[in-house]
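Peer 1: Just one file: entry-v6.txt, with compact mmCIF, C-alpha atoms.
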# COMPACT_ATOMS: atom_id res chain seq x y z
CA MET A 358 -4.83 12.05 20.93
CA SER A 359 -3.42 8.86 19.42
CA ARG A 360 0.03 7.85 20.52
CA PRO A 361 2.81 7.54 17.93
CA ALA A 362 3.49 4.09 16.52
CA SER A 363 7.05 3.18 17.37
CA TYR A 364 8.68 -0.08 16.33
CA THR A 365 12.12 -1.63 16.12
CA GLY A 366 13.00 -4.59 13.93
CA THR A 367 16.10 -6.74 13.76
CA ALA A 368 17.10 -9.55 11.43
CA THR A 369 20.16 -11.66 10.85
CA VAL A 370 20.54 -13.02 7.34
CA ASP A 371 23.09 -15.71 6.52
CA ASN A 372 24.74 -16.02 3.08
CA ALA A 373 24.15 -12.34 2.40
CA LYS A 374 26.15 -9.17 1.76
CA ALA A 375 25.37 -5.65 2.87
CA LYS A 376 25.24 -4.71 -0.82
CA ASP A 377 22.22 -7.02 -1.25
CA PHE A 378 20.27 -4.52 0.85
CA GLU A 379 21.19 -1.41 -1.13
CA ASP A 380 17.70 -1.07 -2.59
CA SER A 381 16.17 -1.64 0.85
CA PHE A 382 17.77 1.43 2.37
CA ASP A 383 17.96 3.74 -0.66
CA PRO A 384 14.77 5.83 -0.58
CA LEU A 385 15.29 6.81 -4.22
CA LYS A 386 14.66 3.18 -5.23
CA TRP A 387 11.46 2.66 -3.26
CA PRO A 388 8.87 3.91 -5.82
CA ALA A 389 10.26 1.55 -8.48
CA THR A 390 10.43 -1.41 -6.11
CA ALA A 391 7.13 -0.80 -4.35
CA PRO A 392 4.81 1.54 -6.28
CA TYR A 393 2.06 0.34 -3.94
CA LEU A 394 3.83 2.06 -1.02
CA TRP A 395 5.55 5.09 -2.59
CA THR A 396 4.61 7.23 -5.59
CA ASP A 397 7.77 9.32 -5.77
CA THR A 398 10.96 10.07 -3.88
CA TYR A 399 13.73 12.50 -4.77
CA LEU A 400 16.41 14.72 -3.32
CA ILE A 401 15.35 18.34 -3.09
CA THR A 402 17.44 21.05 -4.70
CA GLN A 403 19.38 22.94 -2.08
CA VAL A 404 18.78 26.67 -2.41
CA ALA A 405 21.07 27.97 0.31
CA PRO A 406 22.40 26.61 3.59
CA THR A 407 19.83 28.47 5.63
CA ALA A 408 16.86 28.26 3.27
CA SER A 409 14.02 25.78 3.71
CA ASP A 410 14.40 24.61 0.08
CA LEU A 411 10.62 24.29 -0.03
CA PRO A 412 8.24 26.18 -2.33
CA LEU A 413 6.26 29.00 -0.79
CA ASN A 414 3.13 27.35 -2.12
CA ARG A 415 3.28 24.00 -0.40
CA SER A 416 0.92 22.51 -3.00
CA ASP A 417 3.77 22.78 -5.50
CA PRO A 418 6.34 20.02 -5.54
CA PRO A 419 9.83 21.02 -4.34
CA ASP A 420 12.54 21.23 -7.00
CA ARG A 421 14.11 17.91 -7.90
CA ASP A 422 17.85 17.19 -7.80
CA PRO A 423 19.52 14.31 -9.68
CA PRO A 424 19.86 11.05 -7.73
CA LEU A 425 23.05 10.26 -5.81
CA ASP A 426 24.63 7.00 -4.65
CA GLN A 427 24.86 8.31 -1.10
CA TRP A 428 24.50 11.60 0.74
CA THR A 429 24.51 13.23 4.14
CA ASN A 430 22.00 15.70 5.52
CA ARG A 431 19.93 16.20 2.41
CA ARG A 432 16.24 16.93 2.20
CA LEU A 433 14.19 14.27 0.51
CA PHE A 434 10.66 14.43 -0.85
CA GLU A 435 8.54 11.31 -0.48
CA GLY A 436 5.05 10.69 -1.77
CA ALA A 437 3.96 7.83 0.48
CA VAL A 438 0.67 5.94 0.25
CA PHE A 439 -0.74 5.08 3.64
CA GLY A 440 -4.14 3.42 3.83
CA GLY A 441 -5.03 4.94 0.48
CA ILE A 442 -4.03 8.44 1.60
CA LEU A 443 -1.16 10.21 -0.10
CA TYR A 444 1.33 11.90 2.22
CA ARG A 445 3.78 14.39 0.72
CA ASN A 446 6.52 14.36 3.27
CA ILE A 447 9.84 16.19 3.55
CA LEU A 448 12.56 14.32 5.42
CA GLN A 449 16.09 15.25 6.41
CA THR A 450 18.04 12.18 5.35
CA SER A 451 21.49 10.63 5.26
CA LEU A 452 22.32 7.52 3.24
CA VAL A 453 25.87 6.38 3.94
CA LYS A 454 27.70 3.40 2.47
CA THR A 455 31.06 2.46 3.94
CA PRO A 456 33.85 1.92 3.14
CA ASN A 457 32.62 3.01 -0.31
CA PRO A 458 29.44 3.00 -2.41
CA LEU A 459 30.74 0.34 -4.83
CA ALA A 460 31.52 -2.31 -2.23
CA PRO A 461 29.80 -1.35 1.00
CA THR A 462 30.03 -3.50 4.09
CA THR A 463 27.78 -1.13 6.02
CA ILE A 464 24.78 0.78 4.71
CA SER A 465 22.84 3.14 6.93
CA LEU A 466 19.84 5.38 6.45
CA ASP A 467 18.78 8.03 8.95
CA TYR A 468 15.73 10.22 8.50
CA GLU A 469 13.76 12.80 10.42
CA GLN A 470 10.75 14.73 9.33
CA VAL A 471 11.08 18.39 8.35
CA GLU A 472 7.55 19.11 7.18
CA CYS A 473 4.52 17.38 5.72
CA LEU A 474 3.17 19.22 2.69
CA ASP A 475 -0.42 18.68 3.59
CA ALA A 476 -1.94 21.06 1.09
CA LEU A 477 -2.07 19.42 -2.32
CA ALA A 478 -4.80 21.07 -4.35
CA TYR A 479 -7.71 19.05 -5.75
CA ARG A 480 -7.37 16.14 -3.33
CA SER A 481 -9.43 16.63 -0.23
CA PHE A 482 -7.86 13.75 1.61
CA ASP A 483 -4.17 14.51 1.66
CA GLY A 484 -2.65 13.99 5.00
CA GLY A 485 -0.40 15.49 7.62
CA ILE A 486 2.29 13.97 9.79
CA ASP A 487 3.79 15.65 12.84
CA LEU A 488 6.29 12.97 13.79
CA ASP A 489 8.32 10.70 11.54
CA PHE A 490 11.84 9.60 12.30
CA GLY A 491 13.90 6.47 12.24
CA ASN A 492 16.90 4.68 10.89
CA GLY A 493 17.98 1.48 9.27
CA SER A 494 21.26 -0.28 8.77
CA ALA A 495 22.74 -3.36 7.15
CA VAL A 496 26.07 -4.41 8.63
CA GLU A 497 28.09 -7.24 7.10
CA ASN A 498 30.21 -9.43 9.36
CA PRO A 499 34.01 -9.46 8.77
CA ALA A 500 33.82 -12.82 6.99
CA GLY A 501 31.29 -11.43 4.53
CA THR A 502 28.87 -14.26 5.21
CA GLN A 503 26.16 -12.65 7.31
CA VAL A 504 24.27 -9.36 7.51
CA LYS A 505 22.67 -7.86 10.58
CA LEU A 506 19.71 -5.60 9.84
CA THR A 507 18.37 -3.08 12.31
CA VAL A 508 15.45 -0.77 11.59
CA SER A 509 13.36 1.57 13.69
CA LYS A 510 10.54 3.96 12.97
CA THR A 511 8.28 6.29 14.92
CA VAL A 512 5.38 8.03 13.21
CA HIS A 513 2.26 10.01 14.13
CA PHE A 514 -0.43 11.36 11.82
CA THR A 515 -2.53 14.49 12.24
CA GLN A 516 -4.45 14.68 8.96
CA PRO A 517 -6.94 14.11 7.46
CA LYS A 518 -8.39 15.02 10.82
CA PRO A 519 -11.70 13.10 10.45
CA VAL A 520 -9.77 9.85 10.02
CA SER A 521 -6.53 10.61 11.87
CA HIS A 522 -7.42 8.03 14.54
CA ASP A 523 -7.84 5.39 11.82
CA VAL A 524 -4.59 6.31 10.16
CA ASN A 525 -2.69 6.16 13.44
CA LEU A 526 -4.23 2.74 14.04
CA LEU A 527 -3.12 1.69 10.60
CA ALA A 528 0.43 2.70 11.48
CA HIS A 529 0.58 -0.37 13.72
CA ILE A 530 0.20 -2.44 10.54
CA MET A 531 2.15 -0.28 8.12
CA VAL A 532 5.32 0.21 10.15
CA PRO A 533 5.98 -3.55 10.58
CA LEU A 534 4.97 -3.98 6.93
CA SER A 535 7.60 -1.45 5.86
CA PHE A 536 10.24 -3.41 7.79
CA ASP A 537 9.17 -6.54 5.94
CA PHE A 538 9.47 -4.66 2.66
CA TRP A 539 13.10 -3.77 3.43
CA LEU A 540 13.87 -7.40 4.20
CA HIS A 541 12.14 -8.66 1.04
CA CYS A 542 14.01 -6.08 -1.02
CA GLY A 543 17.31 -7.63 -0.03
CA LEU A 544 16.25 -11.25 -0.30
CA PHE A 545 14.58 -11.13 -3.71
CA ILE A 546 16.92 -9.26 -6.00
CA MET B 1369 -14.61 -17.09 5.81
CA SER B 1370 -16.25 -15.81 8.93
CA GLU B 1371 -13.57 -13.42 10.18
CA GLN B 1372 -14.23 -10.60 7.75
CA PRO B 1373 -15.72 -7.58 9.42
CA GLY B 1374 -13.90 -5.10 7.16
CA ARG B 1375 -15.21 -2.39 4.92
CA ASP B 1376 -15.64 -3.60 1.40
CA ALA B 1377 -15.00 -2.20 -2.00
CA ALA B 1378 -15.75 -2.37 -5.68
CA ALA B 1379 -14.81 -5.25 -7.95
CA PRO B 1380 -11.20 -6.52 -8.05
CA GLY B 1381 -9.00 -4.44 -10.27
CA GLY B 1382 -11.21 -1.37 -10.03
CA ALA B 1383 -10.42 1.81 -8.18
CA GLY B 1384 -12.76 0.89 -5.35
CA LYS B 1385 -14.01 2.99 -2.48
CA SER B 1386 -11.85 4.23 0.31
CA GLY B 1387 -14.32 3.26 2.98
CA ASN B 1388 -15.03 6.93 3.60
CA GLY B 1389 -17.02 8.71 0.93
CA ASP B 1390 -15.52 12.07 1.91
CA HIS B 1391 -12.10 10.95 0.83
CA GLU B 1392 -12.39 10.14 -2.85
CA PRO B 1393 -10.05 12.01 -5.21
CA PRO B 1394 -12.34 14.62 -6.80
CA GLY B 1395 -10.04 15.81 -9.54
CA PRO B 1396 -6.65 15.79 -11.22
CA PRO B 1397 -3.39 16.22 -9.34
CA ALA B 1398 -1.85 19.65 -9.02
CA GLY B 1399 1.71 20.78 -9.18
CA GLY B 1400 3.18 17.64 -10.71
CA THR B 1401 3.12 15.43 -7.62
CA LYS B 1402 2.75 11.83 -8.74
CA LEU B 1403 -0.37 10.06 -7.56
CA PRO B 1404 -0.58 6.31 -7.10
CA SER B 1405 -2.22 4.43 -9.95
CA ALA B 1406 -5.61 2.89 -9.24
CA GLN B 1407 -3.96 -0.54 -9.43
CA ALA B 1408 -1.19 0.40 -7.01
CA GLU B 1409 -3.77 1.74 -4.55
CA GLU B 1410 -5.69 -1.53 -4.73
CA TRP B 1411 -2.56 -3.62 -4.21
CA HIS B 1412 -1.71 -1.37 -1.26
CA ARG B 1413 -5.12 -1.82 0.33
CA ALA B 1414 -5.10 -5.55 -0.32
CA LEU B 1415 -1.71 -5.95 1.30
CA ILE B 1416 -2.56 -3.93 4.42
CA SER B 1417 -5.82 -5.86 4.66
CA VAL B 1418 -4.00 -9.19 4.82
CA TYR B 1419 -1.68 -7.74 7.47
CA TYR B 1420 -4.70 -6.41 9.34
CA TYR B 1421 -6.67 -9.67 9.42
CA GLY B 1422 -3.76 -11.57 10.84
CA ARG B 1423 -3.57 -9.10 13.72
CA GLN B 1424 -7.17 -7.99 14.15
CA ASN B 1425 -7.54 -9.51 17.60
CA GLN B 1426 -4.20 -8.38 18.95
CA GLY B 1427 -3.10 -5.33 20.95
CA ILE B 1428 -4.39 -1.95 19.93
CA LEU B 1429 -5.99 -3.33 16.74
CA GLY B 1430 -8.19 -5.66 18.76
CA ARG B 1431 -9.85 -2.74 20.54
CA HIS B 1432 -11.02 -0.88 17.43
CA ALA B 1433 -13.02 -1.36 14.24
CA PRO B 1434 -11.05 -2.02 11.04
CA PRO B 1435 -9.30 1.24 10.07
CA ILE B 1436 -9.75 3.15 6.84
CA GLY B 1437 -8.43 1.41 3.78
CA VAL B 1438 -8.92 -2.12 5.10
CA ARG B 1439 -10.93 -4.40 2.81
CA SER B 1440 -12.51 -7.77 3.45
CA LEU B 1441 -10.01 -10.59 3.44
CA ALA B 1442 -11.75 -12.33 0.52
CA TYR B 1443 -11.58 -9.18 -1.55
CA ALA B 1444 -7.93 -8.58 -0.64
CA LEU B 1445 -6.99 -12.10 -1.71
CA SER B 1446 -8.79 -11.70 -5.03
CA VAL B 1447 -6.88 -8.47 -5.73
CA LEU B 1448 -3.56 -10.01 -4.77
CA HIS B 1449 -4.15 -12.93 -7.14
CA HIS B 1450 -3.61 -10.43 -9.97
CA ALA B 1451 -0.90 -8.37 -8.25
CA PRO B 1452 2.86 -8.43 -8.94
CA VAL B 1453 4.89 -11.04 -7.12
CA GLY B 1454 6.27 -8.57 -4.53
CA PRO B 1455 3.06 -7.96 -2.58
CA VAL B 1456 2.05 -11.62 -3.02
CA ARG B 1457 5.29 -12.76 -1.36
CA MET B 1458 4.83 -10.24 1.44
CA ALA B 1459 1.25 -11.31 2.08
CA LEU B 1460 2.06 -15.03 1.94
CA ALA B 1461 4.98 -14.76 4.36
CA ASP B 1462 2.95 -12.60 6.72
CA ILE B 1463 -0.06 -14.92 6.72
CA CYS B 1464 2.27 -17.77 7.71
CA ARG B 1465 3.50 -15.65 10.62
CA THR B 1466 0.05 -14.71 11.82
CA ARG B 1467 -1.29 -18.24 11.27
CA ALA B 1468 1.45 -19.52 13.56
CA ALA B 1469 0.05 -17.21 16.23
CA ARG B 1470 -3.49 -18.57 15.61
CA PRO B 1471 -2.94 -22.13 14.37
CA THR B 1472 -6.59 -23.15 14.71
CA SER B 1473 -7.87 -20.38 12.45
CA LEU B 1474 -9.41 -21.97 9.37
CA THR B 1475 -9.65 -18.52 7.82
CA LEU B 1476 -5.90 -17.98 7.98
CA LYS B 1477 -5.25 -21.50 6.66
CA SER B 1478 -7.58 -20.85 3.76
CA ALA B 1479 -5.91 -17.48 3.14
CA MET B 1480 -2.48 -19.13 3.10
CA ASP B 1481 -3.68 -21.72 0.56
CA THR B 1482 -5.09 -18.97 -1.67
CA LEU B 1483 -1.94 -16.86 -1.46
CA LEU B 1484 0.22 -19.90 -2.15
CA ASP B 1485 -1.84 -20.51 -5.30
CA SER B 1486 -1.27 -16.87 -6.31
CA TYR B 1487 2.45 -17.23 -5.67
CA LYS B 1488 2.64 -20.45 -7.69
CA ARG B 1489 0.93 -18.62 -10.54
CA HIS B 1490 3.99 -16.32 -10.68
CA LEU B 1491 6.38 -19.25 -10.50
CA ARG B 1492 4.65 -20.97 -13.43
CA ARG B 1493 5.40 -17.87 -15.49
CA VAL B 1494 9.12 -18.46 -14.95
CA ASN B 1495 8.73 -22.12 -15.88
CA ALA B 1496 8.77 -23.76 -12.45
CA ASP B 1497 7.55 -27.33 -13.06
CA GLU B 1498 4.61 -28.89 -11.23
CA ARG B 1499 6.81 -31.29 -9.27
CA ILE B 1500 8.68 -28.35 -7.71
CA LEU B 1501 5.44 -26.52 -7.05
CA GLY B 1502 4.02 -29.60 -5.34
CA ALA B 1503 7.08 -29.78 -3.12
CA LEU B 1504 6.60 -26.11 -2.28
CA THR B 1505 3.05 -26.81 -1.15
CA SER B 1506 4.32 -29.58 1.12
CA GLN B 1507 6.99 -27.25 2.53
CA PHE B 1508 4.43 -24.59 3.41
CA GLU B 1509 2.11 -27.15 5.00
CA GLY B 1510 5.10 -28.51 6.89
CA ILE B 1511 5.65 -25.14 8.55
CA PHE B 1512 2.57 -25.85 10.62
CA SER B 1513 3.14 -29.53 11.35
CA HIS B 1514 4.65 -28.68 14.72
CA VAL B 1515 2.59 -26.52 17.05
CA PRO B 1516 3.06 -24.36 18.96
CA LEU B 1517 5.23 -22.59 16.45
CA ASP B 1518 6.94 -19.25 16.96
CA PRO B 1519 5.40 -16.73 14.51
CA GLU B 1520 8.76 -15.22 13.56
CA GLU B 1521 10.12 -18.72 12.93
CA ALA B 1522 7.18 -19.45 10.63
CA TYR B 1523 7.84 -16.16 8.84
CA ALA B 1524 11.52 -16.96 8.37
CA LYS B 1525 10.72 -20.46 7.08
CA ALA B 1526 8.20 -19.13 4.56
CA LEU B 1527 10.70 -16.57 3.29
CA GLY B 1528 13.40 -19.24 3.15
CA TYR B 1529 11.29 -21.52 0.94
CA MET B 1530 10.54 -18.66 -1.45
CA VAL B 1531 14.19 -17.59 -1.61
CA GLN B 1532 15.23 -21.16 -2.43
CA ILE B 1533 12.78 -21.56 -5.27
CA GLU B 1534 13.32 -18.21 -6.98
CA PRO B 1535 16.35 -17.71 -9.18
CA ASN B 1536 18.57 -14.93 -7.93
CA GLN B 1537 20.02 -12.58 -10.47
CA ARG B 1538 22.99 -11.36 -8.48
CA ARG B 1539 24.25 -14.13 -6.26
CA ASN B 1540 26.35 -17.16 -7.15
CA GLY B 1541 26.62 -18.74 -3.72
CA PRO B 1542 24.03 -20.48 -1.55
CA PRO B 1543 20.68 -18.71 -1.12
CA PRO B 1544 20.35 -16.37 1.84
CA SER B 1545 18.55 -17.63 4.91
CA ILE B 1546 17.08 -15.77 7.84
CA ALA B 1547 18.74 -16.77 11.07
CA SER B 1548 16.57 -14.49 13.19
CA TYR B 1549 13.88 -11.84 12.76
CA SER B 1550 11.84 -9.86 15.23
CA VAL B 1551 9.75 -6.69 15.29
CA THR B 1552 8.85 -5.14 18.61
CA SER B 1553 6.79 -2.16 19.65
CA SER B 1554 8.87 0.34 21.57
Could you render the structure from this file as structure tokens?

Peer 2:
Amino acid sequence: MSRPASYTGTATVDNAKAKDFEDSFDPLKWPATAPYLWTDTYLITQVAPTASDLPLNRSDPPDRDPPLDQWTNRRLFEGAVFGGILYRNILQTSLVKTPNPLAPTTISLDYEQVECLDALAYRSFDGGIDLDFGNGSAVENPAGTQVKLTVSKTVHFTQPKPVSHDVNLLAHIMVPLSFDFWLHCGLFI
Amino acid sequence: MSEQPGRDAAAPGGAGKSGNGDHEPPGPPAGGTKLPSAQAEEWHRALISVYYYGRQNQGILGRHAPPIGVRSLAYALSVLHHAPVGPVRMALADICRTRAARPTSLTLKSAMDTLLDSYKRHLRRVNADERILGALTSQFEGIFSHVPLDPEEAYAKALGYMVQIEPNQRRNGPPPSIASYSVTSS
């Protein structure tokens, strides 16, 4: 069995604000910024505190909630393209901006996989993931002149089984690439 | 370009092949889940291919054949020439990083020149004049005038030159610059 790909990235950016990296860490912005990496992301409608919030037929998309500026412990749907394979992933996520969403000096994103909806009808190649967690943060220094970025991600793929080895190999390219994407997002506004 | 063992695809701009005939989309999407456009899929594959070729001899990637989705470098560069500026910037900065790790690679030098041409194509659209574009070429060549060069330093320099030349819509102060950057396997 392939081992998970696990990476940590750090960057220090001078002449930058934490707010510059809002789009980097907001998963709801990713499909617009990088349609070549994500097809769709949205917060899932909460049914009840103990419910899964997911449709019984996992080929159906979960119900969509309106976007928020920040949130804690909400389930998020992501349609992520990975080596040409579409993964429909459900993540437990928190996006927190402090001291407030309008003028944040710290932005943090935490995510952990809940389930990969690996049964999308009509596409024989949709994939499965059994491990996907990580976090990212942008922290502004007190002078407001520098931002420290820290990102980490661990992921492991199980489907499509005939090419799962390839996809796990590809993770060693895609995970560093996703870190670069977050950095570019903040630099080129 | 001799370092191109990857699986190839159809003509630039087309939907292409996935490299595995069993994994073509046979029909329409179900249930309203958005699928990537054919163009977005090609940009995706082109970008990961550039990232792959810079690392193909390193670590775990060096012990295996090119994974699914990876195209030949020449094909990837031709797709990126018509891609939006975002993936072009990412590919150009990354090829500078990987070229710093393999400074004698003529393939990576050629790839950098091609990506720089693609990037300058975007800059011409926002009216960058030829004198500025010429200076940009010199800056990118200058990244490699001192070897050995730390790959992350080359990456930061490449990003810095692009940040300086592109107008920023939000900031009034000096352009951001990368003081440090590193990615490590854990």

Peer 1: Could you tell me which residues of chain A sit within 8 Å of chain B when counting only C-alpha atoms, and give me the result as a ChimeraX atom specification?

Peer 2: /A:362-373,391-397,416-418,436,438,440-441,443,477-482,520,523-524,526-527,529-531,533-534,537-538,541,544-546

Peer 1: Identify, on the basis of all atoms listed in the file, every residue whose closest approach to segment 489-494 of chain A does not exceed 10 Å; exclude the query and any residue fewer than 4 positions from it along the same chain; express the result as a ChimeraX atom specification.

Peer 2: /A:361-367,375,378-379,381-382,446-454,463-473,504-514,536,539

Peer 1: Nearest residue to Ser409 of chain A out of A:His522, A:Lys376, A:Arg432, A:Arg421, using all atoms listed in the file?

Peer 2: A:Arg432

Peer 1: Suppose you want the space between atom CA of Tyr1487 of chain B and atom CA of Lys374 of chain A; what is it in Å?

Peer 2: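 Spanning atom CA of Tyr1487 of chain B to atom CA of Lys374 of chain A is a straight-line distance of 26.1 Å.
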
Peer 1: Please compute the atom CA of Leu411 of chain A-atom CA of Phe434 of chain A distance, one decimal, in Å.

Peer 2: 9.9 Å

Peer 1: How far is it from atom CA of Arg431 of chain A to atom CA of Asn525 of chain A, in Å with one decimal?

Peer 2: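 For atom CA of Arg431 of chain A relative to atom CA of Asn525 of chain A, the distance reads 27.1 Å.
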